[in-house]
Every structure is written in structure tokens, then in C-alpha cells.
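Chemist: Sending over structure-v4.pdb (PDB, C-alpha atoms, pLDDT in the B column).
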```
ATOM      1  CA  MET A   1       6.093  24.204  -6.210  1.00 65.00           C
ATOM      2  CA  ASP A   2       2.978  23.026  -4.389  1.00 72.00           C
ATOM      3  CA  TRP A   3       4.577  22.004  -1.101  1.00 80.00           C
ATOM      4  CA  ASP A   4       1.225  21.124   0.459  1.00 87.00           C
ATOM      5  CA  ALA A   5       0.615  18.595  -2.320  1.00 88.00           C
ATOM      6  CA  LEU A   6       4.078  17.090  -1.778  1.00 88.00           C
ATOM      7  CA  ARG A   7       3.504  16.883   1.971  1.00 90.00           C
ATOM      8  CA  LEU A   8       0.104  15.263   1.516  1.00 91.00           C
ATOM      9  CA  SER A   9       1.494  12.739  -0.965  1.00 91.00           C
ATOM     10  CA  LEU A  10       4.256  11.713   1.425  1.00 90.00           C
ATOM     11  CA  GLN A  11       1.900  11.556   4.405  1.00 92.00           C
ATOM     12  CA  THR A  12      -0.647   9.560   2.441  1.00 93.00           C
ATOM     13  CA  GLY A  13       2.038   7.228   1.133  1.00 92.00           C
ATOM     14  CA  LEU A  14       3.476   6.586   4.590  1.00 93.00           C
ATOM     15  CA  ALA A  15       0.087   6.048   6.240  1.00 95.00           C
ATOM     16  CA  SER A  16      -1.229   3.739   3.538  1.00 95.00           C
ATOM     17  CA  THR A  17       2.034   1.774   3.451  1.00 95.00           C
ATOM     18  CA  LEU A  18       1.934   1.256   7.230  1.00 95.00           C
ATOM     19  CA  LEU A  19      -1.651   0.064   6.887  1.00 96.00           C
ATOM     20  CA  ALA A  20      -0.643  -2.207   4.005  1.00 95.00           C
ATOM     21  CA  LEU A  21       2.180  -3.601   6.142  1.00 95.00           C
ATOM     22  CA  VAL A  22      -0.119  -4.416   9.058  1.00 95.00           C
ATOM     23  CA  VAL A  23      -2.750  -6.025   6.830  1.00 95.00           C
ATOM     24  CA  GLY A  24      -0.584  -7.291   3.989  1.00 94.00           C
ATOM     25  CA  ILE A  25       2.048  -9.327   5.824  1.00 94.00           C
ATOM     26  CA  PRO A  26      -0.494 -11.696   7.466  1.00 94.00           C
ATOM     27  CA  VAL A  27      -2.355 -11.982   4.147  1.00 95.00           C
ATOM     28  CA  ALA A  28       0.871 -12.717   2.272  1.00 94.00           C
ATOM     29  CA  TRP A  29       1.872 -15.336   4.831  1.00 93.00           C
ATOM     30  CA  GLY A  30      -1.595 -16.904   4.629  1.00 91.00           C
ATOM     31  CA  LEU A  31      -1.444 -17.056   0.841  1.00 92.00           C
ATOM     32  CA  SER A  32       1.933 -18.778   1.040  1.00 89.00           C
ATOM     33  CA  ARG A  33       0.421 -21.493   3.251  1.00 87.00           C
ATOM     34  CA  LEU A  34      -3.125 -21.899   1.936  1.00 85.00           C
ATOM     35  CA  HIS A  35      -4.118 -24.315  -0.808  1.00 86.00           C
ATOM     36  CA  GLY A  36      -7.216 -25.092  -2.826  1.00 86.00           C
ATOM     37  CA  TRP A  37     -10.268 -22.888  -3.069  1.00 88.00           C
ATOM     38  CA  ALA A  38      -9.353 -20.758  -0.051  1.00 87.00           C
ATOM     39  CA  HIS A  39      -6.047 -19.809  -1.683  1.00 87.00           C
ATOM     40  CA  ASP A  40      -7.720 -19.061  -5.009  1.00 89.00           C
ATOM     41  CA  LEU A  41     -10.425 -16.915  -3.409  1.00 92.00           C
ATOM     42  CA  LEU A  42      -8.009 -14.849  -1.319  1.00 91.00           C
ATOM     43  CA  SER A  43      -5.557 -14.526  -4.201  1.00 90.00           C
ATOM     44  CA  THR A  44      -8.313 -13.220  -6.460  1.00 91.00           C
ATOM     45  CA  ALA A  45      -9.388 -10.691  -3.838  1.00 91.00           C
ATOM     46  CA  VAL A  46      -5.796  -9.409  -3.673  1.00 91.00           C
ATOM     47  CA  LEU A  47      -5.369  -9.228  -7.451  1.00 91.00           C
ATOM     48  CA  VAL A  48      -8.643  -7.465  -8.300  1.00 92.00           C
ATOM     49  CA  PRO A  49      -7.486  -3.979  -7.150  1.00 91.00           C
ATOM     50  CA  MET A  50      -4.397  -4.380  -9.344  1.00 89.00           C
ATOM     51  CA  VAL A  51      -6.364  -4.966 -12.539  1.00 89.00           C
ATOM     52  CA  LEU A  52      -9.350  -2.659 -11.975  1.00 91.00           C
ATOM     53  CA  PRO A  53      -9.073   0.903 -13.323  1.00 91.00           C
ATOM     54  CA  PRO A  54      -8.419   3.188 -10.320  1.00 91.00           C
ATOM     55  CA  THR A  55     -11.582   5.187 -11.028  1.00 91.00           C
ATOM     56  CA  VAL A  56     -13.646   1.993 -10.889  1.00 94.00           C
ATOM     57  CA  LEU A  57     -12.003   1.043  -7.603  1.00 93.00           C
ATOM     58  CA  GLY A  58     -12.710   4.542  -6.299  1.00 92.00           C
ATOM     59  CA  TYR A  59     -16.350   4.202  -7.322  1.00 94.00           C
ATOM     60  CA  TYR A  60     -16.656   0.923  -5.428  1.00 94.00           C
ATOM     61  CA  LEU A  61     -15.054   2.527  -2.381  1.00 93.00           C
ATOM     62  CA  LEU A  62     -17.625   5.310  -2.553  1.00 91.00           C
ATOM     63  CA  LEU A  63     -20.379   2.711  -2.631  1.00 91.00           C
ATOM     64  CA  ALA A  64     -18.797   0.905   0.325  1.00 91.00           C
ATOM     65  CA  VAL A  65     -17.912   3.802   2.653  1.00 89.00           C
ATOM     66  CA  GLY A  66     -19.685   6.839   1.163  1.00 86.00           C
ATOM     67  CA  ARG A  67     -22.088   8.884   3.221  1.00 83.00           C
ATOM     68  CA  ASN A  68     -25.090   7.082   1.718  1.00 84.00           C
ATOM     69  CA  SER A  69     -23.738   3.587   2.426  1.00 86.00           C
ATOM     70  CA  PRO A  70     -24.617   1.718   5.661  1.00 88.00           C
ATOM     71  CA  PRO A  71     -21.001   1.797   6.935  1.00 86.00           C
ATOM     72  CA  GLY A  72     -20.690   5.464   5.993  1.00 84.00           C
ATOM     73  CA  GLU A  73     -23.932   6.374   7.733  1.00 86.00           C
ATOM     74  CA  ALA A  74     -22.884   4.438  10.836  1.00 88.00           C
ATOM     75  CA  LEU A  75     -19.487   6.158  11.002  1.00 85.00           C
ATOM     76  CA  ASP A  76     -21.108   9.557  10.577  1.00 83.00           C
ATOM     77  CA  ALA A  77     -23.799   8.902  13.188  1.00 82.00           C
ATOM     78  CA  LEU A  78     -21.513   7.369  15.817  1.00 82.00           C
ATOM     79  CA  PHE A  79     -18.294   9.331  15.384  1.00 84.00           C
ATOM     80  CA  GLY A  80     -19.069  12.189  12.985  1.00 82.00           C
ATOM     81  CA  PHE A  81     -16.442  10.663  10.699  1.00 85.00           C
ATOM     82  CA  SER A  82     -16.396  10.312   6.934  1.00 86.00           C
ATOM     83  CA  PHE A  83     -13.858   9.111   4.374  1.00 89.00           C
ATOM     84  CA  VAL A  84     -15.335  11.243   1.591  1.00 88.00           C
ATOM     85  CA  PHE A  85     -13.469  14.501   0.865  1.00 89.00           C
ATOM     86  CA  GLU A  86     -11.110  13.797   3.749  1.00 90.00           C
ATOM     87  CA  TRP A  87      -7.424  12.914   4.025  1.00 92.00           C
ATOM     88  CA  SER A  88      -8.428   9.542   5.466  1.00 92.00           C
ATOM     89  CA  GLY A  89     -10.230   8.834   2.184  1.00 92.00           C
ATOM     90  CA  ALA A  90      -7.000   9.457   0.282  1.00 94.00           C
ATOM     91  CA  VAL A  91      -5.219   7.018   2.592  1.00 95.00           C
ATOM     92  CA  LEU A  92      -7.947   4.410   2.106  1.00 94.00           C
ATOM     93  CA  ALA A  93      -7.807   4.744  -1.682  1.00 94.00           C
ATOM     94  CA  ALA A  94      -3.998   4.535  -1.717  1.00 95.00           C
ATOM     95  CA  PHE A  95      -4.104   1.492   0.560  1.00 96.00           C
ATOM     96  CA  PHE A  96      -6.389  -0.526  -1.708  1.00 95.00           C
ATOM     97  CA  VAL A  97      -4.371   0.384  -4.787  1.00 94.00           C
ATOM     98  CA  SER A  98      -0.909  -0.221  -3.317  1.00 94.00           C
ATOM     99  CA  ALA A  99      -1.375  -3.076  -0.815  1.00 95.00           C
ATOM    100  CA  PRO A 100      -1.512  -5.816  -3.501  1.00 95.00           C
ATOM    101  CA  PHE A 101       2.057  -4.954  -4.537  1.00 94.00           C
ATOM    102  CA  LEU A 102       3.273  -5.617  -1.005  1.00 95.00           C
ATOM    103  CA  VAL A 103       1.178  -8.768  -0.619  1.00 95.00           C
ATOM    104  CA  ARG A 104       2.266 -10.420  -3.857  1.00 94.00           C
ATOM    105  CA  THR A 105       5.946  -9.591  -3.387  1.00 94.00           C
ATOM    106  CA  ALA A 106       6.040 -10.704   0.248  1.00 95.00           C
ATOM    107  CA  GLN A 107       4.104 -13.853  -0.649  1.00 94.00           C
ATOM    108  CA  ALA A 108       6.825 -14.839  -3.104  1.00 93.00           C
ATOM    109  CA  GLY A 109       9.430 -14.377  -0.382  1.00 94.00           C
ATOM    110  CA  PHE A 110       7.518 -16.479   2.128  1.00 94.00           C
ATOM    111  CA  GLU A 111       7.009 -19.244  -0.432  1.00 92.00           C
ATOM    112  CA  ALA A 112      10.757 -19.340  -1.108  1.00 92.00           C
ATOM    113  CA  VAL A 113      11.623 -20.010   2.540  1.00 90.00           C
ATOM    114  CA  ASP A 114      12.865 -23.545   3.189  1.00 88.00           C
ATOM    115  CA  HIS A 115      10.057 -25.138   5.217  1.00 87.00           C
ATOM    116  CA  THR A 116      12.455 -27.623   6.795  1.00 89.00           C
ATOM    117  CA  LEU A 117      14.012 -24.733   8.732  1.00 89.00           C
ATOM    118  CA  GLU A 118      10.579 -23.768  10.057  1.00 87.00           C
ATOM    119  CA  ASP A 119       9.866 -27.370  10.986  1.00 87.00           C
ATOM    120  CA  ALA A 120      13.181 -27.550  12.839  1.00 89.00           C
ATOM    121  CA  GLY A 121      12.161 -24.517  14.883  1.00 88.00           C
ATOM    122  CA  ARG A 122       8.855 -26.169  15.791  1.00 87.00           C
ATOM    123  CA  THR A 123      10.612 -29.365  16.896  1.00 88.00           C
ATOM    124  CA  LEU A 124      12.723 -27.233  19.236  1.00 85.00           C
ATOM    125  CA  GLY A 125       9.564 -25.993  20.936  1.00 83.00           C
ATOM    126  CA  GLN A 126       9.184 -22.653  19.179  1.00 85.00           C
ATOM    127  CA  THR A 127       5.687 -21.217  18.888  1.00 87.00           C
ATOM    128  CA  GLU A 128       4.261 -20.325  15.484  1.00 87.00           C
ATOM    129  CA  TRP A 129       4.895 -16.644  16.188  1.00 89.00           C
ATOM    130  CA  SER A 130       8.506 -17.361  17.129  1.00 90.00           C
ATOM    131  CA  VAL A 131       8.986 -19.423  13.977  1.00 89.00           C
ATOM    132  CA  PHE A 132       7.569 -16.601  11.866  1.00 90.00           C
ATOM    133  CA  SER A 133       9.435 -13.740  13.556  1.00 89.00           C
ATOM    134  CA  ARG A 134      12.774 -15.527  13.994  1.00 90.00           C
ATOM    135  CA  ILE A 135      12.960 -17.721  10.907  1.00 90.00           C
ATOM    136  CA  THR A 136      10.396 -16.984   8.199  1.00 91.00           C
ATOM    137  CA  LEU A 137      10.445 -13.180   8.235  1.00 91.00           C
ATOM    138  CA  PRO A 138      14.256 -12.775   8.436  1.00 91.00           C
ATOM    139  CA  LEU A 139      14.696 -15.190   5.516  1.00 92.00           C
ATOM    140  CA  ALA A 140      12.090 -13.345   3.430  1.00 92.00           C
ATOM    141  CA  TRP A 141      13.191  -9.824   4.384  1.00 89.00           C
ATOM    142  CA  ARG A 142      14.356  -8.887   0.894  1.00 88.00           C
ATOM    143  CA  SER A 143      10.946  -9.586  -0.611  1.00 91.00           C
ATOM    144  CA  VAL A 144       9.183  -7.798   2.230  1.00 93.00           C
ATOM    145  CA  MET A 145      11.339  -4.686   1.837  1.00 89.00           C
ATOM    146  CA  THR A 146      10.825  -4.720  -1.921  1.00 90.00           C
ATOM    147  CA  GLY A 147       7.082  -4.988  -1.392  1.00 93.00           C
ATOM    148  CA  ILE A 148       7.100  -2.081   1.059  1.00 92.00           C
ATOM    149  CA  SER A 149       9.002   0.151  -1.353  1.00 90.00           C
ATOM    150  CA  LEU A 150       6.734  -0.770  -4.268  1.00 91.00           C
ATOM    151  CA  ALA A 151       3.633  -0.114  -2.175  1.00 93.00           C
ATOM    152  CA  PHE A 152       4.910   3.292  -1.082  1.00 92.00           C
ATOM    153  CA  ALA A 153       5.932   4.284  -4.604  1.00 89.00           C
ATOM    154  CA  ARG A 154       2.510   3.241  -5.910  1.00 92.00           C
ATOM    155  CA  ALA A 155       0.727   5.057  -3.077  1.00 93.00           C
ATOM    156  CA  ILE A 156       2.386   8.433  -3.665  1.00 91.00           C
ATOM    157  CA  GLY A 157       1.520   8.126  -7.360  1.00 89.00           C
ATOM    158  CA  GLU A 158      -2.141   7.213  -6.850  1.00 91.00           C
ATOM    159  CA  PHE A 159      -4.574   9.444  -8.749  1.00 92.00           C
ATOM    160  CA  GLY A 160      -7.908   8.010  -9.917  1.00 90.00           C
ATOM    161  CA  ALA A 161      -9.242   6.355  -6.783  1.00 92.00           C
ATOM    162  CA  THR A 162      -8.017   9.239  -4.612  1.00 92.00           C
ATOM    163  CA  LEU A 163      -9.801  11.798  -6.756  1.00 92.00           C
ATOM    164  CA  MET A 164     -13.027   9.768  -6.650  1.00 92.00           C
ATOM    165  CA  VAL A 165     -13.051   9.334  -2.866  1.00 92.00           C
ATOM    166  CA  ALA A 166     -11.193  12.338  -1.449  1.00 90.00           C
ATOM    167  CA  GLY A 167     -11.578  14.909  -4.209  1.00 88.00           C
ATOM    168  CA  SER A 168      -9.146  17.780  -4.703  1.00 89.00           C
ATOM    169  CA  ILE A 169      -9.110  20.129  -1.727  1.00 88.00           C
ATOM    170  CA  PRO A 170      -5.923  22.258  -1.504  1.00 88.00           C
ATOM    171  CA  GLY A 171      -3.952  21.525   1.658  1.00 86.00           C
ATOM    172  CA  ARG A 172      -6.319  18.718   2.579  1.00 88.00           C
ATOM    173  CA  THR A 173      -6.704  16.065  -0.127  1.00 89.00           C
ATOM    174  CA  ARG A 174      -4.930  17.405  -3.215  1.00 92.00           C
ATOM    175  CA  THR A 175      -1.902  15.165  -3.629  1.00 92.00           C
ATOM    176  CA  MET A 176       0.909  15.543  -6.164  1.00 92.00           C
ATOM    177  CA  PRO A 177      -0.699  13.523  -8.987  1.00 92.00           C
ATOM    178  CA  ILE A 178      -3.911  15.533  -8.675  1.00 93.00           C
ATOM    179  CA  ALA A 179      -1.940  18.794  -8.590  1.00 92.00           C
ATOM    180  CA  ILE A 180      -0.130  17.733 -11.788  1.00 92.00           C
ATOM    181  CA  TYR A 181      -3.431  16.942 -13.481  1.00 92.00           C
ATOM    182  CA  GLU A 182      -4.925  20.312 -12.529  1.00 91.00           C
ATOM    183  CA  ALA A 183      -1.781  22.176 -13.593  1.00 91.00           C
ATOM    184  CA  VAL A 184      -1.938  20.574 -17.031  1.00 93.00           C
ATOM    185  CA  LEU A 185      -5.659  21.334 -17.362  1.00 91.00           C
ATOM    186  CA  THR A 186      -5.126  25.011 -16.581  1.00 89.00           C
ATOM    187  CA  GLY A 187      -2.104  25.417 -18.843  1.00 89.00           C
ATOM    188  CA  ARG A 188       0.498  25.755 -16.073  1.00 90.00           C
ATOM    189  CA  THR A 189       3.023  23.646 -17.953  1.00 90.00           C
ATOM    190  CA  SER A 190       6.120  24.689 -16.016  1.00 90.00           C
ATOM    191  CA  GLU A 191       4.470  23.895 -12.689  1.00 89.00           C
ATOM    192  CA  ALA A 192       3.284  20.518 -13.995  1.00 90.00           C
ATOM    193  CA  GLN A 193       6.805  19.696 -15.171  1.00 92.00           C
ATOM    194  CA  GLY A 194       8.283  20.606 -11.796  1.00 89.00           C
ATOM    195  CA  LEU A 195       5.733  18.554  -9.891  1.00 89.00           C
ATOM    196  CA  ALA A 196       6.141  15.564 -12.210  1.00 91.00           C
ATOM    197  CA  LEU A 197       9.931  15.696 -11.923  1.00 91.00           C
ATOM    198  CA  THR A 198       9.752  15.921  -8.135  1.00 88.00           C
ATOM    199  CA  LEU A 199       7.419  12.933  -7.917  1.00 86.00           C
ATOM    200  CA  THR A 200       9.576  10.928 -10.324  1.00 88.00           C
ATOM    201  CA  LEU A 201      12.731  11.668  -8.346  1.00 87.00           C
ATOM    202  CA  ALA A 202      11.025  10.797  -5.055  1.00 82.00           C
ATOM    203  CA  ALA A 203       9.792   7.413  -6.298  1.00 81.00           C
ATOM    204  CA  SER A 204      13.038   6.576  -8.125  1.00 83.00           C
ATOM    205  CA  GLY A 205      15.176   7.683  -5.191  1.00 82.00           C
ATOM    206  CA  LEU A 206      13.201   5.486  -2.841  1.00 79.00           C
ATOM    207  CA  LEU A 207      13.658   2.404  -5.011  1.00 78.00           C
ATOM    208  CA  VAL A 208      17.380   3.080  -5.433  1.00 83.00           C
ATOM    209  CA  ALA A 209      17.811   3.609  -1.682  1.00 80.00           C
ATOM    210  CA  VAL A 210      16.012   0.362  -0.873  1.00 76.00           C
ATOM    211  CA  ALA A 211      18.049  -1.583  -3.447  1.00 75.00           C
ATOM    212  CA  PHE A 212      21.287  -0.114  -2.049  1.00 78.00           C
ATOM    213  CA  GLY A 213      20.238  -0.881   1.508  1.00 73.00           C
ATOM    214  CA  MET A 214      19.370  -4.479   0.657  1.00 71.00           C
ATOM    215  CA  ARG A 215      22.690  -4.951  -1.116  1.00 72.00           C
ATOM    216  CA  ARG A 216      24.597  -3.675   1.903  1.00 68.00           C
ATOM    217  CA  GLY A 217      22.430  -5.748   4.237  1.00 61.00           C
ATOM    218  CA  GLY A 218      22.994  -8.823   2.112  1.00 58.00           C
ATOM    219  CA  GLY A 219      26.733  -8.227   2.157  1.00 52.00           C
ATOM    220  CA  ARG A 220      26.812  -8.012   5.952  1.00 52.00           C
ATOM    221  CA  ARG A 221      24.789 -11.200   6.209  1.00 51.00           C
TER
END
```
Spell out the structure here as C-alpha cells.
Modeler:
Amino acid sequence: MDWDALRLSLQTGLASTLLALVVGIPVAWGLSRLHGWAHDLLSTAVLVPMVLPPTVLGYYLLLAVGRNSPPGEALDALFGFSFVFEWSGAVLAAFFVSAPFLVRTAQAGFEAVDHTLEDAGRTLGQTEWSVFSRITLPLAWRSVMTGISLAFARAIGEFGATLMVAGSIPGRTRTMPIAIYEAVLTGRTSEAQGLALTLTLAASGLLVAVAFGMRRGGGRR
């Protein structure tokens, strides 16, 4: 068992999911409130990473933040930092691939909230942040939790974009999906089976745990 690959997959999944949560929740809320061309433009931007092949998305990320790109050159010159062949590149790739799952699922939850309850909070003098944190988010918590679990499961299974941006460096950027791919290529069938089973159990166990937790939470409510 490649424990380094498992550790990197879990670390990458957690980091990218936290990033998706910070960025995705405001985007999901905005999509649930916007209309017209602004909604269509933002919605398209969210959906594109879901329909692009991961290798194509990875190629675009290389063009955007690679060492030869203006942002990449600036990061390297100012901070000596690069996304390419680094763990941060794996996190960035996983974020772009997985964040749309959180955004779209949370958006559906926010759209299902009864707006009259939000309006009642505003008439009682609540700020927009108070309305969101005390009314909107608690009412949409099931969708948000589902989106988080889907984003994490997708992040730990990310392969194409991660390989394009971060490469396959043992103990540094080689995640479980990449380790499975390399094991199959080199004829290590038993190792590939073990890695695949471990990744399947991790993703399935997460989804089952979240579903069980939501059921118990719903019962208490």
C-alpha cells in the first residue's frame, strides 16, 4: 500500500474542499439571487470545469499559472513560489474540478429557501449577514453538506488535471489515482487493486457517513 499517496490524496481533498467552501458558498448564494445575463455568465463559468476533460482543464491551468505565464512569473519572482510540480498545484487542480459540485448543490438548497422567511428577518432589523447565517444557511444545510461531500469525493479522485499541473512525484504530488495509473502501467495488478479498493471505500464511506449524519440531524430537528 502506498501510504504516501493515500495521505496526499486526503490532504489534497481536504485543502481543496476547504477552498471550495470559502469560494463556493458565496458563489452559490449569488447564483441563487442573480438573474439575467449576470446569472447566465456566472453559471456558465461554474459549469465549464464540469464538462471539460480534466486534461484540458489542467492544460488551461498550466497556461494560467505555469512558470511561463505572467502570474506564474510574478509568483516566482516575488515569493519563489510555483504551482507546477508542487502539492499546491494538486490542490489547485482538485479545487477547479470539484468546486462546481459544491456550488451547484448548494445553489439548489439556497433557491429552495422560502424567501418570505428571509424578508421577515430583514423587517426585524437583521443585517444581510445575519439573515444568511441565521436563516438561509441553516435551512439549506442539507444541500451544503451534500455539496461538501461530493466536492471532497471528487477531489480525492482527481487524476487528469492533477497530473498535468503537479506531475507524479512520490511523497510530494503522487496521489492515489496517479499511483493506481502507474501501478497498472507497470503491471503491478495487486497493488492497483488494493489502491483502487481503498479509494472506493474512502469515497463511499464518506458519502454514507454524511447521509447518516444528515438523517440523524434531520430527525433531531
Chemist: Could you list the residues chosen by the PyMOL selection byres ((chain A and resi 40-50) around 8) in this structure as a list of chain:residue names?
Modeler: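 Output from the PyMOL selection byres ((chain A and resi 40-50) around 8), applied to this file: A:Leu31, A:His35, A:Gly36, A:Trp37, A:Ala38, A:His39, A:Val51, A:Leu52, A:Pro54, A:Leu57, A:Phe96, A:Val97, A:Pro100, A:Val103.
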Chemist: Measuring between all atoms listed in the file, which one of A:Leu34, A:Ser149, A:Pro26, A:Ala183 shows the shortest distance to Leu207 (chain A)?
Modeler: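 Among the listed residues, A:Ser149 lies closest to Leu207 (chain A).
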Chemist: Of the candidates A:Met176, A:Ile25, A:Leu78, A:Ala166, which shows the shortest atom-to-atom distance to Ala5 (chain A), using only C-alpha atoms?
Modeler: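 Of all the options, A:Met176 lies closest to Ala5 (chain A).
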Chemist: Can you measure CA of Arg104 (chain A) to CA of Leu8 (chain A) for me? One decimal in Å is fine.
Modeler: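 So the two atoms, CA of Arg104 (chain A) and CA of Leu8 (chain A), lie 26.3 Å apart.
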Chemist: Might you spell out which residues the PyMOL selection byres ((chain A and resi 128-142) around 8) would select in the displayed file, as an MDAnalysis selection string?
Modeler: chainID A and resid 106 109:110 112:113 117:118 121:122 126:127 143:146 214
Chemist: Take the point (-20.1, 6.8, -0.1) in the file's coordinates, draw a sphere of radius 12 Å around it, and report as a list of chain:residue names every protein, DNA or RNA residue with an atom inside or on it, counting all atoms listed in the file.
Modeler: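 Checking each residue against the 12 Å limit leaves A:Gly58, A:Tyr59, A:Tyr60, A:Leu61, A:Leu62, A:Leu63, A:Ala64, A:Val65, A:Gly66, A:Arg67, A:Asn68, A:Ser69, A:Pro70, A:Pro71, A:Gly72, A:Glu73, A:Ala74, A:Leu75, A:Asp76, A:Ser82, A:Phe83, A:Val84, A:Phe85, A:Gly89, A:Met164, A:Val165, A:Ala166.
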Chemist: I'd like to know which of A:Trp87, A:Phe152, A:Phe95, A:Trp29 is closest to Ile169 (chain A), using all atoms listed in the file.
Modeler: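 Distance minimum relative to Ile169 (chain A) lands on A:Trp87.
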Chemist: Taking only C-alpha atoms into account, name the residue in A:Leu14, A:Leu150, A:Val56, A:Val22 that is nearest to Gly205 (chain A).
Modeler: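 When distances to Gly205 (chain A) are compared using only C-alpha atoms, the smallest one comes from A:Leu150.
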Chemist: Quote the spacing between CA of Glu182 (chain A) and CA of Gly194 (chain A) in Å to one decimal place.
Modeler: 13.2 Å
Chemist: Report as a compact mmCIF listing (two decimals) with C-alpha atoms, in the coordinates of the input the full result of the PyMOL selection byres ((chain A and resi 163) around 9) when it is applied to this structure.
Modeler:
```
# COMPACT_ATOMS: atom_id res chain seq x y z
CA THR A 55 -11.58 5.19 -11.03
CA GLY A 58 -12.71 4.54 -6.30
CA PHE A 85 -13.47 14.50 0.86
CA ALA A 90 -7.00 9.46 0.28
CA ALA A 93 -7.81 4.74 -1.68
CA GLU A 158 -2.14 7.21 -6.85
CA PHE A 159 -4.57 9.44 -8.75
CA GLY A 160 -7.91 8.01 -9.92
CA ALA A 161 -9.24 6.36 -6.78
CA THR A 162 -8.02 9.24 -4.61
CA MET A 164 -13.03 9.77 -6.65
CA VAL A 165 -13.05 9.33 -2.87
CA ALA A 166 -11.19 12.34 -1.45
CA GLY A 167 -11.58 14.91 -4.21
CA SER A 168 -9.15 17.78 -4.70
CA THR A 173 -6.70 16.07 -0.13
CA ARG A 174 -4.93 17.40 -3.22
CA ILE A 178 -3.91 15.53 -8.68
```
Chemist: Hey, can you check how far CA of Val210 (chain A) sits from CA of Ala155 (chain A)?
Modeler: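 CA of Val210 (chain A) sits 16.1 Å away from CA of Ala155 (chain A).
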Chemist: Have a look at A:Ser204, A:Phe101, A:Asp119, A:Thr198 and name the one nearest to Gly147 (chain A); count all atoms listed in the file.
Modeler: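 Smallest separation from Gly147 (chain A) among the options: A:Phe101.
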Chemist: Between A:Leu102, A:Val23, A:Val208, A:Ala77, single out the one closest to Ile148 (chain A), counting only C-alpha atoms.
Modeler: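 Checking each candidate against Ile148 (chain A), we get A:Leu102 as the closest.
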Chemist: Reconstruct region 16-35 of chain A at the level of N, CA and C atoms, and format the result as a short mmCIF file (atom, residue, chain, number, x, y, z; two decimals), keeping the file's coordinate frame.
Modeler:
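The new file selection01.cif reads:
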```cif
data_model
loop_
_atom_site.label_atom_id
_atom_site.label_comp_id
_atom_site.auth_asym_id
_atom_site.auth_seq_id
_atom_site.Cartn_x
_atom_site.Cartn_y
_atom_site.Cartn_z
N SER A 16 -0.67 4.89 4.25
CA SER A 16 -1.23 3.74 3.54
C SER A 16 -0.26 2.57 3.50
N THR A 17 1.05 2.86 3.45
CA THR A 17 2.03 1.77 3.45
C THR A 17 2.09 1.09 4.81
N LEU A 18 1.99 1.86 5.89
CA LEU A 18 1.93 1.26 7.23
C LEU A 18 0.70 0.38 7.37
N LEU A 19 -0.43 0.86 6.85
CA LEU A 19 -1.65 0.06 6.89
C LEU A 19 -1.50 -1.20 6.04
N ALA A 20 -0.87 -1.05 4.88
CA ALA A 20 -0.64 -2.21 4.00
C ALA A 20 0.29 -3.22 4.67
N LEU A 21 1.25 -2.71 5.44
CA LEU A 21 2.18 -3.60 6.14
C LEU A 21 1.46 -4.41 7.21
N VAL A 22 0.62 -3.74 7.98
CA VAL A 22 -0.12 -4.42 9.06
C VAL A 22 -1.07 -5.46 8.49
N VAL A 23 -1.77 -5.11 7.42
CA VAL A 23 -2.75 -6.02 6.83
C VAL A 23 -2.09 -7.00 5.86
N GLY A 24 -1.13 -6.51 5.09
CA GLY A 24 -0.58 -7.29 3.99
C GLY A 24 0.32 -8.44 4.38
N ILE A 25 1.12 -8.26 5.43
CA ILE A 25 2.05 -9.33 5.82
C ILE A 25 1.29 -10.58 6.27
N PRO A 26 0.28 -10.49 7.14
CA PRO A 26 -0.49 -11.70 7.47
C PRO A 26 -1.18 -12.31 6.25
N VAL A 27 -1.70 -11.46 5.35
CA VAL A 27 -2.36 -11.98 4.15
C VAL A 27 -1.34 -12.70 3.26
N ALA A 28 -0.17 -12.10 3.10
CA ALA A 28 0.87 -12.72 2.27
C ALA A 28 1.31 -14.05 2.86
N TRP A 29 1.48 -14.09 4.18
CA TRP A 29 1.87 -15.34 4.83
C TRP A 29 0.78 -16.39 4.66
N GLY A 30 -0.49 -15.97 4.82
CA GLY A 30 -1.60 -16.90 4.63
C GLY A 30 -1.65 -17.45 3.22
N LEU A 31 -1.43 -16.60 2.23
CA LEU A 31 -1.44 -17.06 0.84
C LEU A 31 -0.32 -18.05 0.57
N SER A 32 0.81 -17.86 1.25
CA SER A 32 1.93 -18.78 1.04
C SER A 32 1.70 -20.14 1.68
N ARG A 33 0.69 -20.24 2.55
CA ARG A 33 0.42 -21.49 3.25
C ARG A 33 -0.89 -22.15 2.83
N LEU A 34 -1.82 -21.35 2.32
CA LEU A 34 -3.12 -21.90 1.94
C LEU A 34 -3.05 -22.66 0.62
N HIS A 35 -4.01 -23.55 0.43
CA HIS A 35 -4.12 -24.32 -0.81
C HIS A 35 -5.59 -24.46 -1.17
#
```
